[in-house]
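**Q** Next comes the structure file protein-v3.cif, holding mmCIF, C-alpha atoms.
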```
data_upload
#
loop_
_atom_site.label_atom_id
_atom_site.label_comp_id
_atom_site.auth_asym_id
_atom_site.auth_seq_id
_atom_site.Cartn_x
_atom_site.Cartn_y
_atom_site.Cartn_z
CA MET A 1 137.49 87.18 -28.72
CA PRO A 2 138.19 85.25 -31.93
CA LYS A 3 141.35 83.21 -31.88
CA ASN A 4 142.59 84.70 -35.15
CA MET A 5 142.34 88.33 -34.16
CA GLY A 6 145.16 90.18 -35.94
CA LEU A 7 147.04 93.32 -34.96
CA LYS A 8 144.91 95.44 -37.29
CA SER A 9 141.68 94.42 -35.59
CA ARG A 10 139.92 96.93 -33.38
CA ILE A 11 140.33 95.95 -29.77
CA SER A 12 138.39 97.70 -27.02
CA LEU A 13 140.77 96.70 -24.27
CA ALA A 14 142.83 99.84 -23.69
CA TYR A 15 144.07 101.34 -20.49
CA ALA A 16 146.58 103.93 -19.44
CA VAL A 17 147.44 102.48 -16.08
CA LEU A 18 150.32 100.57 -14.58
CA PHE A 19 150.40 98.01 -11.84
CA ILE A 20 153.17 96.73 -9.68
CA TRP A 21 153.61 93.04 -8.97
CA GLY A 22 156.26 91.82 -6.58
CA LEU A 23 157.06 93.42 -3.25
CA LEU A 24 154.04 95.70 -3.06
CA GLN A 25 150.64 95.44 -1.43
CA ALA A 26 147.36 96.94 -2.61
CA LYS A 27 146.56 98.77 0.62
CA GLY A 28 149.62 101.03 0.79
CA ILE A 29 149.17 104.72 1.67
CA ALA A 30 151.90 107.33 1.84
CA LYS A 31 152.54 109.22 5.04
CA GLY A 32 150.54 112.42 5.28
CA GLU A 33 151.11 115.69 7.07
CA PRO A 34 150.54 115.69 10.87
CA ASN A 35 147.06 117.16 10.62
CA GLU A 36 145.89 114.77 7.95
CA HIS A 37 144.59 111.20 7.91
CA PRO A 38 146.97 109.09 5.81
CA SER A 39 144.95 105.93 6.35
CA ASP A 40 142.16 107.53 4.34
CA CYS A 41 144.41 109.04 1.69
CA ASP A 42 144.07 108.36 -2.01
CA LEU A 43 147.37 109.28 -3.64
CA PHE A 44 145.75 109.36 -7.06
CA GLN A 45 143.08 112.00 -6.35
CA GLY A 46 144.34 115.55 -6.28
CA SER A 47 145.54 118.39 -8.46
CA TRP A 48 148.71 119.92 -9.86
CA VAL A 49 150.23 122.93 -8.11
CA TYR A 50 153.03 125.13 -9.37
CA ASP A 51 156.26 124.71 -7.39
CA ASP A 52 159.40 126.30 -8.80
CA THR A 53 161.31 125.72 -5.56
CA SER A 54 161.43 121.92 -5.40
CA TYR A 55 160.91 120.93 -9.03
CA PRO A 56 162.17 119.66 -11.41
CA LEU A 57 163.92 116.77 -9.66
CA TYR A 58 166.83 116.88 -12.14
CA ASN A 59 168.17 118.69 -15.17
CA THR A 60 168.20 116.56 -18.30
CA SER A 61 171.35 118.35 -19.48
CA THR A 62 173.19 116.46 -16.72
CA CYS A 63 171.59 113.09 -17.47
CA PRO A 64 174.07 111.67 -20.00
CA PHE A 65 171.79 108.90 -21.25
CA ILE A 66 168.54 110.87 -21.68
CA GLN A 67 166.76 109.77 -24.83
CA LYS A 68 166.32 112.56 -27.33
CA GLN A 69 162.59 112.02 -27.77
CA PHE A 70 161.97 112.98 -24.10
CA ASP A 71 164.48 115.84 -23.84
CA CYS A 72 162.12 118.69 -24.70
CA GLN A 73 164.42 121.41 -23.40
CA GLY A 74 167.32 119.96 -25.35
CA ASN A 75 165.10 119.90 -28.42
CA GLY A 76 164.35 123.60 -28.14
CA ARG A 77 161.11 123.86 -26.18
CA PRO A 78 161.04 127.56 -25.18
CA ASP A 79 158.80 127.47 -22.10
CA LYS A 80 159.75 125.92 -18.74
CA PHE A 81 156.54 126.10 -16.74
CA TYR A 82 155.82 122.39 -17.28
CA LEU A 83 158.98 121.54 -15.35
CA HIS A 84 157.71 123.00 -12.08
CA TYR A 85 154.41 121.30 -11.35
CA ARG A 86 153.99 119.11 -8.26
CA TRP A 87 151.23 116.56 -7.70
CA LYS A 88 149.27 117.31 -4.52
CA PRO A 89 146.87 114.58 -3.32
CA SER A 90 143.68 116.00 -1.84
CA ALA A 91 144.00 114.37 1.59
CA CYS A 92 147.71 113.94 2.26
CA ALA A 93 151.22 114.93 1.21
CA LEU A 94 153.12 113.01 -1.46
CA PRO A 95 156.75 112.93 -0.30
CA LYS A 96 159.32 114.25 -2.72
CA PHE A 97 161.44 111.47 -4.20
CA ASP A 98 164.24 110.64 -1.74
CA SER A 99 166.91 109.00 -3.88
CA GLN A 100 169.20 108.04 -1.03
CA ASP A 101 166.36 106.30 0.79
CA PHE A 102 165.32 104.55 -2.42
CA LEU A 103 168.86 103.31 -3.06
CA ARG A 104 169.11 102.03 0.51
CA ARG A 105 165.78 100.20 0.37
CA MET A 106 166.43 98.67 -3.02
CA LYS A 107 170.08 97.78 -2.45
CA GLY A 108 170.85 94.45 -4.06
CA LYS A 109 167.44 94.27 -5.76
CA LYS A 110 166.30 94.12 -9.37
CA ILE A 111 163.45 96.18 -10.78
CA LEU A 112 161.86 95.38 -14.14
CA PHE A 113 159.65 97.67 -16.23
CA VAL A 114 157.63 95.75 -18.83
CA GLY A 115 155.64 97.59 -21.45
CA ASP A 116 155.57 100.00 -24.36
CA SER A 117 157.20 103.39 -24.90
CA LEU A 118 155.44 104.84 -21.84
CA SER A 119 157.37 102.29 -19.79
CA VAL A 120 160.49 103.67 -21.47
CA ASN A 121 159.35 107.10 -20.26
CA GLN A 122 159.09 105.93 -16.64
CA TRP A 123 162.26 103.85 -16.72
CA GLN A 124 164.18 106.81 -18.17
CA SER A 125 162.75 109.08 -15.47
CA LEU A 126 163.86 106.79 -12.64
CA THR A 127 167.37 106.33 -14.02
CA CYS A 128 167.82 110.10 -14.43
CA ILE A 129 166.51 110.76 -10.90
CA LEU A 130 168.95 108.28 -9.38
CA HIS A 131 171.92 109.40 -11.45
CA ALA A 132 171.28 113.02 -10.45
CA SER A 133 171.46 112.05 -6.77
CA VAL A 134 174.77 110.19 -7.11
CA PRO A 135 176.41 111.81 -10.15
CA LYS A 136 179.89 110.59 -9.22
CA SER A 137 178.87 106.95 -8.82
CA LYS A 138 179.78 104.57 -11.60
CA TYR A 139 176.96 103.17 -13.69
CA THR A 140 176.57 100.79 -16.59
CA LEU A 141 173.92 100.99 -19.28
CA SER A 142 173.53 98.19 -21.79
CA THR A 143 170.97 97.27 -24.44
CA ASN A 144 170.40 93.74 -25.69
CA ASN A 145 167.55 93.24 -28.16
CA VAL A 146 164.46 94.34 -26.20
CA LEU A 147 166.22 94.67 -22.83
CA SER A 148 167.87 97.82 -21.50
CA THR A 149 169.71 97.51 -18.19
CA PHE A 150 170.88 100.33 -15.91
CA ILE A 151 173.09 99.27 -13.00
CA LEU A 152 174.58 101.22 -10.10
CA PRO A 153 177.32 98.82 -8.93
CA ASP A 154 177.98 100.70 -5.67
CA TYR A 155 174.41 99.96 -4.60
CA GLY A 156 173.87 96.64 -6.34
CA ILE A 157 170.66 97.91 -7.88
CA SER A 158 169.51 97.00 -11.39
CA ILE A 159 166.74 98.85 -13.22
CA VAL A 160 165.75 96.94 -16.34
CA LEU A 161 163.40 97.79 -19.20
CA SER A 162 161.72 95.13 -21.33
CA ARG A 163 159.95 96.47 -24.40
CA ASN A 164 156.68 94.56 -24.72
CA ASN A 165 153.79 96.48 -26.25
CA PHE A 166 150.97 94.04 -25.56
CA LEU A 167 152.25 91.90 -22.65
CA VAL A 168 150.49 88.87 -24.16
CA ASP A 169 152.22 86.66 -26.75
CA ILE A 170 152.35 87.43 -30.46
CA VAL A 171 152.72 84.51 -32.88
CA GLU A 172 153.07 84.17 -36.64
CA GLU A 173 150.21 82.33 -38.35
CA LYS A 174 149.04 82.05 -41.95
CA ILE A 175 146.89 85.15 -41.59
CA GLY A 176 149.82 87.13 -40.17
CA ARG A 177 150.83 88.20 -36.67
CA VAL A 178 148.24 87.21 -34.09
CA LEU A 179 147.76 88.24 -30.46
CA LYS A 180 147.29 85.29 -28.12
CA LEU A 181 145.15 86.94 -25.47
CA ASP A 182 145.23 83.89 -23.20
CA SER A 183 148.98 83.31 -23.39
CA ILE A 184 151.97 84.96 -21.72
CA ALA A 185 154.67 82.37 -22.33
CA ASN A 186 157.08 85.26 -22.73
CA GLY A 187 156.43 85.99 -19.05
CA SER A 188 159.02 83.41 -18.08
CA ALA A 189 161.58 86.18 -18.63
CA TRP A 190 160.01 88.16 -15.79
CA LYS A 191 161.01 85.66 -13.12
CA GLY A 192 163.74 86.51 -10.66
CA TYR A 193 162.95 90.21 -10.27
CA ASP A 194 162.01 91.83 -6.97
CA VAL A 195 159.62 94.43 -8.40
CA LEU A 196 157.72 94.30 -11.70
CA ILE A 197 155.98 97.33 -13.19
CA PHE A 198 153.67 96.53 -16.10
CA ASN A 199 152.17 98.96 -18.57
CA THR A 200 150.15 98.67 -21.77
CA TRP A 201 147.86 101.10 -23.49
CA HIS A 202 147.97 102.87 -26.82
CA TRP A 203 148.98 99.91 -28.97
CA TRP A 204 145.63 98.31 -28.20
CA LEU A 205 143.41 101.10 -29.44
CA HIS A 206 144.02 103.87 -31.94
CA ARG A 207 141.29 106.46 -32.36
CA GLY A 208 142.15 107.70 -35.81
CA LYS A 209 142.04 111.45 -36.29
CA MET A 210 140.52 112.34 -32.95
CA GLN A 211 142.56 115.09 -31.29
CA PRO A 212 143.06 115.36 -27.51
CA GLY A 213 141.59 118.84 -27.56
CA GLU A 214 138.16 117.28 -27.98
CA GLU A 215 138.56 115.80 -24.51
CA TRP A 216 139.60 119.18 -23.06
CA LYS A 217 136.53 120.92 -24.53
CA GLU A 218 138.93 122.66 -26.93
CA PRO A 219 138.00 120.96 -30.24
CA LYS A 220 140.64 122.67 -32.39
CA SER A 221 143.49 122.14 -29.95
CA THR A 222 146.36 119.66 -29.72
CA CYS A 223 148.99 119.47 -26.99
CA SER A 224 151.16 121.81 -29.04
CA GLY A 225 151.33 125.26 -27.47
CA GLN A 226 149.77 124.17 -24.17
CA THR A 227 151.51 125.79 -21.19
CA GLU A 228 149.53 124.70 -18.12
CA PRO A 229 147.61 121.64 -16.85
CA VAL A 230 143.86 121.15 -16.79
CA LYS A 231 142.73 122.96 -13.66
CA GLY A 232 141.23 121.03 -10.76
CA SER A 233 141.10 117.29 -10.17
CA VAL A 234 138.56 116.14 -12.77
CA TYR A 235 139.46 115.36 -16.36
CA PRO A 236 136.66 116.63 -18.65
CA ALA A 237 136.37 113.45 -20.71
CA GLY A 238 136.59 111.10 -17.73
CA LEU A 239 138.44 107.79 -17.62
CA PRO A 240 138.73 105.31 -20.48
CA PRO A 241 136.03 102.64 -19.90
CA ALA A 242 138.63 99.88 -19.80
CA VAL A 243 140.11 101.30 -16.59
CA THR A 244 137.02 100.05 -14.77
CA VAL A 245 137.56 96.61 -16.30
CA VAL A 246 141.18 96.53 -15.13
CA LYS A 247 140.19 97.47 -11.59
CA GLU A 248 137.52 94.77 -11.50
CA VAL A 249 139.97 92.15 -12.73
CA LEU A 250 142.58 93.09 -10.15
CA ALA A 251 139.97 93.14 -7.38
CA ASN A 252 139.07 89.53 -8.20
CA MET A 253 142.63 88.24 -8.29
CA SER A 254 143.35 85.85 -5.45
CA THR A 255 146.76 87.45 -4.87
CA THR A 256 145.69 91.10 -5.02
CA ALA A 257 145.77 91.81 -1.30
CA GLU A 258 149.19 90.23 -0.97
CA ALA A 259 151.18 91.20 -4.01
CA VAL A 260 149.54 93.54 -6.53
CA THR A 261 149.03 97.29 -6.49
CA LEU A 262 147.39 99.40 -9.16
CA LEU A 263 149.52 102.45 -9.88
CA ASP A 264 146.44 104.38 -10.93
CA ILE A 265 148.12 107.32 -12.65
CA THR A 266 145.60 107.74 -15.48
CA THR A 267 143.73 110.82 -14.27
CA LEU A 268 146.70 112.71 -12.87
CA SER A 269 148.47 112.19 -16.21
CA GLN A 270 145.47 113.19 -18.31
CA LEU A 271 145.38 116.54 -16.50
CA ARG A 272 148.86 117.41 -17.76
CA LYS A 273 147.95 118.44 -21.30
CA GLU A 274 151.05 120.66 -21.49
CA GLY A 275 153.46 117.93 -20.41
CA HIS A 276 153.82 116.22 -23.80
CA PRO A 277 156.74 116.70 -26.19
CA SER A 278 154.38 118.00 -28.89
CA ARG A 279 156.74 119.31 -31.61
CA TYR A 280 159.81 119.02 -29.36
CA GLY A 281 160.20 115.25 -29.42
CA GLY A 282 163.41 115.34 -31.42
CA ILE A 283 163.32 111.91 -33.02
CA ARG A 284 159.91 112.48 -34.57
CA GLY A 285 160.97 115.86 -35.88
CA LYS A 286 159.34 119.23 -35.42
CA ALA A 287 156.77 118.48 -38.12
CA LYS A 288 155.23 115.79 -35.92
CA ILE A 289 153.10 116.41 -32.84
CA ASP A 290 153.63 113.88 -30.04
CA CYS A 291 150.75 113.98 -27.56
CA SER A 292 151.34 110.45 -26.24
CA HIS A 293 154.68 110.57 -24.44
CA TRP A 294 155.98 112.92 -21.77
CA CYS A 295 158.76 115.46 -21.53
CA LEU A 296 161.48 114.75 -18.99
CA ALA A 297 161.76 116.09 -16.42
CA GLY A 298 158.01 115.86 -16.04
CA VAL A 299 154.97 113.71 -15.34
CA PRO A 300 156.76 110.29 -15.17
CA ASP A 301 158.79 111.65 -12.23
CA THR A 302 155.53 111.81 -10.28
CA TRP A 303 154.75 108.21 -11.23
CA ASN A 304 158.05 107.28 -9.62
CA GLU A 305 157.40 109.41 -6.54
CA ILE A 306 154.18 107.47 -6.00
CA LEU A 307 156.02 104.21 -6.64
CA ARG A 308 158.54 105.07 -3.93
CA ALA A 309 155.76 106.17 -1.53
CA ILE A 310 154.10 102.77 -1.87
CA LEU A 311 157.41 100.99 -1.32
CA VAL A 312 158.00 103.02 1.84
CA THR A 313 154.51 102.33 3.15
CA ASN A 314 155.02 98.62 2.69
CA SER A 315 158.39 98.74 4.47
CA VAL A 316 160.32 97.53 1.44
#
```
What is this file in structure tokens?

**A**
Amino acid sequence: MPKNMGLKSRISLAYAVLFIWGLLQAKGIAKGEPNEHPSDCDLFQGSWVYDDTSYPLYNTSTCPFIQKQFDCQGNGRPDKFYLHYRWKPSACALPKFDSQDFLRRMKGKKILFVGDSLSVNQWQSLTCILHASVPKSKYTLSTNNVLSTFILPDYGISIVLSRNNFLVDIVEEKIGRVLKLDSIANGSAWKGYDVLIFNTWHWWLHRGKMQPGEEWKEPKSTCSGQTEPVKGSVYPAGLPPAVTVVKEVLANMSTTAEAVTLLDITTLSQLRKEGHPSRYGGIRGKAKIDCSHWCLAGVPDTWNEILRAILVTNSV
């Protein structure tokens, strides 16, 4: 790509996936039910099932630091069906998030989320899950420039968020702000953490006036008014082409088998067309429709359940 590519240029490198770099391995599989074959299980292939017994994992009204833009119930969303869906892999069982086990495994460790507002979504989900499990434990929450840090002192665990929309460096040149696609000097700030979770997506590619309903075979629809997921395990529009590129790149990394796992949550997230804040995002106001982020409790909780399952599998 040209060296002087600016932020307004069209870039065809977009992906809605996250990968974990640190303590994890690429071959991790969660434990399945006794009559299943966990060694053959793909946690990312499955469907959403309604479960009003075990979900949601927490009530946002008791999460004192929930960000308004994700608190759909607090912002007046009238329906609650979206709170009760559970991800069911086709060939195994995804364990429900066990907060006490997570706190024990990660005691004394530091976790860093690096990415855009979807990373905020996942970071917020994890902090609310953990707080709900130990509501009487002291916590600290601080924000310093682009860093937000949540600490549970009793467990010595730090969960940090670094806002970084593109991951690569951005520099000021005569033509304006420029993305340095071959430079991540800012990555020096990522050293010293035990687990890194990276995410980047919608800042790379904006599709103008295209509405998500076109991908659901509902041309006149948006996420507003949706009350249930796409049925089945296949998303009508398929995966963004760049997902294939990301998988190929990771497969060719010399450290992949030892340290990198793709948290391939694209399809399972796409299926949840009703899980977005839509007009109940609070900060954006009811006149705006937010079909990019996710209500909490909601889809990001499943991302964290899969994260924990991979940690367990790799004996972290």

**Q** Could you list, as a ChimeraX atom specification, every residue within 7 Å of A:Ser278, counting only C-alpha atoms and ignoring same-chain residues fewer than 2 positions away?

**A** /A:223-224,276,280-281,289-291

**Q** Which centre and edge lengths in Å to one decimal define the box along x, y and z that fits every listed atom of stretch 222-232 of chain A plus 4 Å per side, as lines of an AutoDock Vina configuration file?

**A**
```
center_x = 146.4
center_y = 122.6
center_z = -20.2
size_x = 18.3
size_y = 14.3
size_z = 27.0
```

**Q** For the file shown, report as a list in words the outcome of the PyMOL selection byres ((chain A and resi 161-165) around 9) at residue level.

**A**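 Selected by the PyMOL selection byres ((chain A and resi 161-165) around 9) in this file: Ile111, Leu112, Phe113, Val114, Gly115, Asp116, Ser117, Ser119, Val120, Trp123, Val146, Leu147, Ser148, Thr149, Phe150, Ile159, Val160, Phe166, Leu167, Val168, Asn199, Thr200, Trp201, His202, Trp203 and Trp204 of chain A.
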
**Q** Do you have the atom CA of A:Asn304-atom CA of A:Gly282 distance handy?

**A**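 That distance, rounded to one decimal, is 23.9 Å.
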
**Q** One number please: atom CA of A:Lys231 to atom CA of A:Lys217, in Å, one decimal.

**A**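 Distance between the two atoms: 12.7 Å.
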
**Q** Evaluate the PyMOL selection byres ((chain A and resi 277) around 12) against this structure - the residues, as a tab-separated table (two decimals) with C-alpha atoms, in the frame of the given file, please.

**A**
```
chain	number	residue	atom	x	y	z
A	68	LYS	CA	166.32	112.56	-27.33
A	69	GLN	CA	162.59	112.02	-27.77
A	70	PHE	CA	161.97	112.98	-24.10
A	71	ASP	CA	164.48	115.84	-23.84
A	72	CYS	CA	162.12	118.69	-24.70
A	73	GLN	CA	164.42	121.41	-23.40
A	74	GLY	CA	167.32	119.96	-25.35
A	75	ASN	CA	165.10	119.90	-28.42
A	76	GLY	CA	164.35	123.60	-28.14
A	77	ARG	CA	161.11	123.86	-26.18
A	78	PRO	CA	161.04	127.56	-25.18
A	79	ASP	CA	158.80	127.47	-22.10
A	82	TYR	CA	155.82	122.39	-17.28
A	121	ASN	CA	159.35	107.10	-20.26
A	222	THR	CA	146.36	119.66	-29.72
A	223	CYS	CA	148.99	119.47	-26.99
A	224	SER	CA	151.16	121.81	-29.04
A	225	GLY	CA	151.33	125.26	-27.47
A	226	GLN	CA	149.77	124.17	-24.17
A	227	THR	CA	151.51	125.79	-21.19
A	272	ARG	CA	148.86	117.41	-17.76
A	273	LYS	CA	147.95	118.44	-21.30
A	274	GLU	CA	151.05	120.66	-21.49
A	275	GLY	CA	153.46	117.93	-20.41
A	276	HIS	CA	153.82	116.22	-23.80
A	278	SER	CA	154.38	118.00	-28.89
A	279	ARG	CA	156.74	119.31	-31.61
A	280	TYR	CA	159.81	119.02	-29.36
A	281	GLY	CA	160.20	115.25	-29.42
A	282	GLY	CA	163.41	115.34	-31.42
A	283	ILE	CA	163.32	111.91	-33.02
A	284	ARG	CA	159.91	112.48	-34.57
A	285	GLY	CA	160.97	115.86	-35.88
A	286	LYS	CA	159.34	119.23	-35.42
A	288	LYS	CA	155.23	115.79	-35.92
A	289	ILE	CA	153.10	116.41	-32.84
A	290	ASP	CA	153.63	113.88	-30.04
A	291	CYS	CA	150.75	113.98	-27.56
A	292	SER	CA	151.34	110.45	-26.24
A	293	HIS	CA	154.68	110.57	-24.44
A	294	TRP	CA	155.98	112.92	-21.77
A	295	CYS	CA	158.76	115.46	-21.53
A	296	LEU	CA	161.48	114.75	-18.99
A	297	ALA	CA	161.76	116.09	-16.42
A	298	GLY	CA	158.01	115.86	-16.04
A	299	VAL	CA	154.97	113.71	-15.34
```

**Q** Quote the spacing between atom CA of A:Leu152 and atom CA of A:Ile66 in Å to one decimal place.

**A**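 Atom-to-atom, atom CA of A:Leu152 to atom CA of A:Ile66, that is 16.2 Å.
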
**Q** Excluding A:Lys107 and any residue of its chain fewer than 2 positions from it, enumerate the residues within 10 Å of it, using all atoms listed in the file, and give them as JSON, numbers by chain.

**A** {"A": [101, 102, 103, 104, 105, 109, 110, 152, 153, 154, 155, 156, 157, 158]}

**Q** Find the residues with any atom within 9 Å of (160.3, 109.5, -6.2); use only C-alpha atoms and the coordinates as given in the file, and write the answer as a list of chain:residue names.

**A**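 Here is the list of nearby residues: A:Leu57, A:Pro95, A:Lys96, A:Phe97, A:Asp98, A:Ser99, A:Phe102, A:Leu126, A:Ile129, A:Asp301, A:Thr302, A:Trp303, A:Asn304, A:Glu305, A:Ile306, A:Leu307, A:Arg308, A:Ala309.
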
**Q** Quick one: everything within 8 Å of A:Pro56, counting all atoms listed in the file, minus sequence neighbours fewer than 2 positions away in the same chain. Send it as a list in words.

**A** Asp52, Ser54, Tyr58, Asn59, Leu83, His84, Tyr85, Ala297 and Gly298 of chain A

**Q** Please determine, counting only C-alpha atoms, which residue among A:His131, A:Thr267, A:Trp216, A:Tyr55 has the shortest atom-to-atom distance to A:Pro240.

**A**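 For A:Pro240, the nearest of the given residues is A:Thr267.
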
**Q** To verify the selection step, state as a list in words which residues the PyMOL selection byres ((chain A and resi 88) around 10) yields on this input.

**A**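 With the shown file as input, the PyMOL selection byres ((chain A and resi 88) around 10) matches Leu43, Phe44, Gln45, Gly46, Ser47, Trp48, Val49, Tyr50, Tyr85, Arg86, Trp87, Pro89, Ser90, Ala91, Cys92, Ala93, Leu94, Pro95, Ser233 and Leu268 of chain A.
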
**Q** Closest to A:Gly213 among A:Ser183, A:Thr244, A:Asn252, A:Gln270, using all atoms listed in the file?

**A** A:Gln270

**Q** When distances are computed from all atoms listed in the file, which of A:Leu263, A:Ile310, A:Leu239, A:Leu130 shows the smallest separation from A:Gln100?

**A**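 The answer is A:Leu130, which sits nearest to A:Gln100.
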